[in-house]
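Source file: final-v1.txt; contents: compact mmCIF, C-alpha atoms.
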# COMPACT_ATOMS: atom_id res chain seq x y z
CA PRO U 1 -55.49 16.23 -9.75
CA LEU U 2 -53.42 18.33 -12.10
CA SER U 3 -51.76 20.11 -9.20
CA ARG U 4 -50.51 16.79 -7.86
CA CYS U 5 -49.12 15.81 -11.26
CA LEU U 6 -47.27 19.10 -11.52
CA SER U 7 -45.97 19.11 -7.96
CA LEU U 8 -42.31 18.43 -7.50
CA PRO U 9 -41.11 15.44 -5.47
CA PRO U 10 -39.91 16.24 -1.99
CA ALA U 11 -36.33 17.40 -1.95
CA ARG U 12 -33.83 14.77 -0.92
CA PRO U 13 -31.50 15.64 1.90
CA ASP U 14 -28.06 16.72 0.78
CA PRO U 15 -25.57 13.86 0.82
CA PRO U 16 -23.20 14.02 3.74
CA ASP U 17 -19.92 15.75 3.16
CA ARG U 18 -17.58 12.81 2.68
CA MET U 19 -14.59 15.00 3.32
CA ALA U 20 -16.00 15.87 6.73
CA THR U 21 -17.58 12.56 7.75
CA GLY U 22 -15.27 10.04 6.11
CA ALA U 23 -13.88 7.19 8.13
CA ARG U 24 -11.39 8.33 10.74
CA LEU U 25 -9.18 6.38 13.08
CA GLY U 26 -9.70 6.76 16.79
CA ASP U 27 -7.52 8.90 19.01
CA GLU U 28 -5.51 5.85 20.03
CA PHE U 29 -3.81 5.97 16.61
CA ARG U 30 -2.53 9.51 17.02
CA GLY U 31 0.76 8.17 18.39
CA PRO U 32 1.60 5.97 15.38
CA ALA U 33 0.49 8.78 13.07
CA ALA U 34 2.87 11.20 14.81
CA VAL U 35 5.72 8.68 14.56
CA THR U 36 5.05 8.32 10.83
CA VAL U 37 5.24 12.07 10.32
CA ALA U 38 8.42 12.24 12.42
CA TYR U 39 10.07 9.54 10.30
CA PHE U 40 9.40 11.47 7.11
CA VAL U 41 10.71 14.70 8.64
CA VAL U 42 13.95 12.87 9.49
CA TYR U 43 14.01 11.28 6.04
CA TYR U 44 13.80 14.60 4.23
CA ALA U 45 16.30 16.13 6.62
CA PHE U 46 18.68 13.36 5.58
CA MET U 47 18.03 14.25 1.93
CA ILE U 48 19.16 17.82 2.64
CA LEU U 49 22.18 16.43 4.50
CA GLN U 50 23.06 14.29 1.48
CA LEU U 51 22.88 17.23 -0.92
CA ARG U 52 24.93 19.54 1.28
CA SER U 53 27.50 16.80 1.92
CA ARG U 54 27.90 16.39 -1.84
CA SER U 55 28.43 20.13 -2.22
CA ASP U 56 31.09 20.11 0.49
CA ALA U 57 32.82 17.14 -1.14
CA SER U 58 32.78 18.90 -4.50
CA ALA U 59 34.33 22.01 -2.95
CA ARG U 60 37.08 19.94 -1.30
CA ALA U 61 37.80 18.23 -4.64
CA SER U 62 38.05 21.60 -6.37
CA GLU U 63 40.52 22.82 -3.75
CA ARG U 64 42.71 19.80 -4.61
CA GLY U 65 42.40 20.52 -8.32
CA GLN U 66 40.30 17.37 -8.88
CA GLU U 67 36.97 16.81 -10.57
CA TYR U 68 34.22 15.63 -8.26
CA ASP U 69 32.44 12.40 -9.26
CA ARG U 70 29.94 11.23 -6.69
CA LEU U 71 29.97 7.66 -8.05
CA SER U 72 33.70 7.19 -7.51
CA CYS U 73 34.36 9.76 -4.81
CA ARG U 74 36.06 8.53 -1.66
CA ASP U 75 35.28 11.66 0.30
CA GLU U 76 34.20 10.55 3.79
CA GLY U 77 31.71 13.39 4.16
CA ALA U 78 30.01 12.44 0.93
CA ARG U 79 29.93 8.78 1.95
CA MET U 80 28.33 9.67 5.26
CA GLY U 81 25.64 11.74 3.55
CA GLU U 82 24.93 9.07 0.94
CA ARG U 83 24.68 6.19 3.40
CA THR U 84 22.62 8.20 5.87
CA PHE U 85 19.97 9.05 3.28
CA LEU U 86 19.98 5.74 1.40
CA ASN U 87 19.87 3.70 4.59
CA ALA U 88 16.81 5.64 5.72
CA LEU U 89 15.25 4.98 2.30
CA GLU U 90 16.07 1.26 2.43
CA GLN U 91 14.61 0.90 5.90
CA MET U 92 11.49 2.98 5.29
CA GLY U 93 9.33 0.07 4.13
CA PRO U 94 10.15 -2.35 6.97
CA PHE U 95 9.76 0.39 9.56
CA LEU U 96 6.41 1.79 8.42
CA VAL U 97 4.86 -1.61 7.74
CA SER U 98 5.99 -2.87 11.16
CA LEU U 99 4.69 0.29 12.83
CA TRP U 100 1.19 0.09 11.42
CA LEU U 101 0.84 -3.68 11.64
CA CYS U 102 1.71 -3.40 15.33
CA ALA U 103 -0.66 -0.47 15.82
CA VAL U 104 -3.62 -2.20 14.16
CA CYS U 105 -3.06 -5.83 15.21
CA VAL U 106 -1.48 -5.48 18.66
CA SER U 107 -1.40 -2.05 20.29
CA PRO U 108 -1.10 1.57 19.14
CA ASP U 109 0.73 2.34 22.40
CA LEU U 110 3.38 -0.33 21.78
CA ALA U 111 3.77 0.87 18.19
CA THR U 112 4.21 4.44 19.40
CA VAL U 113 6.92 3.55 21.93
CA MET U 114 8.84 1.24 19.60
CA GLY U 115 8.38 3.57 16.65
CA GLY U 116 9.66 6.50 18.69
CA ILE U 117 12.77 4.50 19.61
CA GLY U 118 13.30 3.73 15.94
CA VAL U 119 13.02 7.36 14.82
CA VAL U 120 15.40 8.65 17.51
CA ALA U 121 17.89 5.88 16.71
CA ARG U 122 17.70 6.73 13.01
CA LEU U 123 18.31 10.42 13.74
CA LEU U 124 21.57 9.56 15.53
CA PHE U 125 22.99 7.69 12.51
CA PRO U 126 24.92 10.57 10.84
CA ILE U 127 26.05 12.03 14.16
CA LEU U 128 27.61 8.76 15.31
CA TRP U 129 29.11 8.13 11.86
CA SER U 130 30.88 11.51 11.93
CA LEU U 131 32.59 10.59 15.22
CA GLY U 132 34.90 8.13 13.47
CA GLU U 133 38.46 8.89 12.49
CA GLY U 134 38.35 11.40 9.66
CA GLY U 135 34.55 11.23 9.80
CA SER U 136 34.51 7.62 8.59
CA TRP U 137 32.26 4.74 9.62
CA ASN U 138 32.98 3.42 13.09
CA ILE U 139 31.55 0.98 15.60
CA LYS U 140 29.61 3.76 17.32
CA VAL U 141 27.17 3.68 14.39
CA GLU U 142 25.86 0.43 15.86
CA LEU U 143 24.43 2.53 18.71
CA SER U 144 22.02 3.79 16.05
CA THR U 145 21.41 0.71 13.95
CA GLN U 146 20.90 -1.88 16.68
CA PRO U 147 18.30 0.12 18.68
CA TYR U 148 16.56 0.71 15.36
CA TYR U 149 16.43 -3.03 14.64
CA PHE U 150 15.30 -3.60 18.23
CA ALA U 151 12.34 -1.32 17.50
CA VAL U 152 11.46 -3.07 14.23
CA PHE U 153 11.68 -6.59 15.65
CA GLY U 154 9.93 -5.33 18.78
CA MET U 155 6.94 -4.49 16.58
CA LEU U 156 7.08 -7.44 14.17
CA GLY U 157 7.49 -10.02 16.92
CA PRO U 158 4.20 -9.24 18.69
CA VAL U 159 2.43 -9.17 15.31
CA ALA U 160 3.82 -12.63 14.50
CA THR U 161 2.80 -13.93 17.94
CA TRP U 162 -0.73 -12.65 17.47
CA ALA U 163 -0.91 -14.02 13.90
CA LEU U 164 0.41 -17.49 14.78
CA VAL U 165 -1.14 -18.24 18.18
CA GLY U 166 -3.68 -15.49 18.72
CA VAL U 167 -1.92 -14.06 21.79
CA ASN U 168 -1.62 -10.31 22.31
CA ILE U 169 1.44 -9.67 24.46
CA MET U 170 -0.06 -6.39 25.66
CA ASP U 171 -2.30 -8.52 27.88
CA TRP U 172 0.86 -9.41 29.83
CA GLN U 173 2.48 -7.43 32.62
CA THR U 174 4.82 -4.63 31.54
CA GLY U 175 7.94 -6.47 32.67
CA TYR U 176 7.10 -9.49 30.56
CA VAL U 177 6.44 -7.26 27.55
CA ALA U 178 9.90 -5.71 27.96
CA LEU U 179 11.54 -9.15 28.20
CA ALA U 180 9.57 -10.36 25.19
CA SER U 181 10.78 -7.34 23.19
CA VAL U 182 14.40 -8.29 23.87
CA GLY U 183 13.58 -11.86 22.92
CA TYR U 184 11.99 -10.77 19.65
CA PHE U 185 15.13 -8.77 18.83
CA VAL U 186 17.38 -11.79 19.40
CA LEU U 187 15.06 -14.23 17.65
CA GLY U 188 14.51 -11.88 14.71
CA TRP U 189 18.24 -11.57 14.10
CA ALA U 190 18.78 -15.30 14.57
CA LEU U 191 16.13 -16.16 11.98
CA SER U 192 17.35 -13.51 9.56
CA PHE U 193 21.00 -14.49 9.93
CA GLY U 194 20.27 -18.20 9.61
CA THR U 195 18.11 -17.72 6.53
CA GLY U 196 20.71 -15.45 4.96
CA VAL U 197 23.48 -18.03 5.52
CA VAL U 198 21.36 -20.77 3.94
CA LEU U 199 20.59 -18.60 0.91
CA HIS U 200 24.27 -17.74 0.54
CA THR U 201 25.22 -21.40 0.72
CA VAL U 202 22.66 -22.34 -1.94
CA THR U 203 23.56 -19.55 -4.37
CA ARG U 204 27.31 -19.03 -3.99
CA GLY U 205 28.23 -21.91 -6.27
CA ALA U 206 26.81 -20.12 -9.30
CA TYR U 207 29.40 -17.38 -8.88
CA HIS U 208 32.52 -19.49 -8.30
CA ASP U 209 35.42 -18.13 -10.31
CA ASP U 210 36.95 -21.09 -12.13
CA GLY U 211 39.22 -18.94 -14.28
CA SER U 212 37.10 -19.30 -17.38
CA GLY U 213 35.37 -15.92 -17.08
CA ALA U 214 36.14 -12.91 -19.15
CA GLU U 215 38.98 -10.65 -18.11
Will you turn the file into structure tokens for me?
Amino acid sequence: PLSRCLSLPPARPDPPDRMATGARLGDEFRGPAAVTVAYFVVYYAFMILQLRSRSDASARASERGQEYDRLSCRDEGARMGERTFLNALEQMGPFLVSLWLCAVCVSPDLATVMGGIGVVARLLFPILWSLGEGGSWNIKVELSTQPYYFAVFGMLGPVATWALVGVNIMDWQTGYVALASVGYFVLGWALSFGTGVVLHTVTRGAYHDDGSGAE
């Protein structure tokens, strides 16, 4: 009938709101997500520290009747600000990749604990640096850097164990997990140091100064 030909097709249901129903991680990933946000808060705080340290160094240079040049400046405050920010930038990739690999492949809880250690250790970097004579670098800075590396290797190690042999260390008792974390820290540094020495040995000959180079 004509009425059927002129009738409209039934209305299709509205497509779901992708913004509201898009894929979401479970609550177990809230910890790693919070650690990620915390790292970036610290990172941008270090950027502010860098800028203010430069301003202080410039003021000190002006008081001495000198022109401030951040590329050649030996001001310890400026050095602290530069290294604090740039070190956080350099370590951002390894930290975040380790954090989320550990969270997805091994355990969000382990990633949260180790990631939290890493963020707190990173936050202590400029404070410990400033405790040196004249605000210069000192051995106390290692109280920031080594716990940070412990956190990174403590996340990468379990990921490597799971990837290579299919074992999740979070199935072990807590004490064994703690011991394994220390072992991953030692093994990670041993492998990194050994590989670095080999690479240095292989490449150093290309840069031997035989006296024939330009002045």
Counting all atoms listed in the file, closest pick from U:Gly157, U:Arg70, U:Ala103, U:Val165 relative to Leu191 of chain U is U:Gly157
Across U:Ala78, U:Ala111, U:Leu101, U:Leu123, the smallest distance to Tyr39 of chain U, with all atoms listed in the file counted, is shown by U:Leu123
Expressed in Å, the length from atom CA of Ser53 of chain U to atom CA of Gly81 of chain U is 5.6 Å
Using all atoms listed in the file, the residue out of U:Gly188, U:Gly166, U:Gly154, U:Gly77 with shortest distance to Gly135 of chain U is U:Gly77
* **U:Ser55, U:Asp69, U:Val113, U:Ser144 ranked by distance to Asn87 of chain U, top pick (using all atoms listed in the file)** =>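 Of all the options, U:Ser144 lies closest to Asn87 of chain U.
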For Pro158 of chain U, the closest of U:Asp171, U:Thr145, U:Tyr184, U:Glu90 counting all atoms listed in the file is U:Tyr184
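Atom pair atom CA of Pro108 of chain U / atom CA of Leu25 of chain U has a distance of 11.2 Å (rounded to one decimal).
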Practice prompt. Anything within 7 Å of (-0.1, -6.8, 19.4): list those residues as a list in words, counting all atoms listed in the file and sticking to the file's coordinates.
Written response: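 Every residue inside that radius is included here: Cys102, Cys105, Val106, Ser107, Pro158, Val159, Trp162, Asn168, Ile169 and Met170 of chain U.
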query = Closest to Leu110 of chain U among U:Leu124, U:Val152, U:Leu71, U:Val186, using all atoms listed in the file?
reply =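 Once distances to Leu110 of chain U are computed over all atoms listed in the file, the minimum belongs to U:Val152.
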Selection: 8 Å around Phe46 of chain U, all atoms listed in the file, excl. self and same-chain fewer than 2 positions, as a PyMOL selection string: chain U and resi 42-44+48-50+81+84-85+88
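Interatomic distance, atom CA of Ile117 of chain U to atom CA of Val104 of chain U: 18.5 Å.
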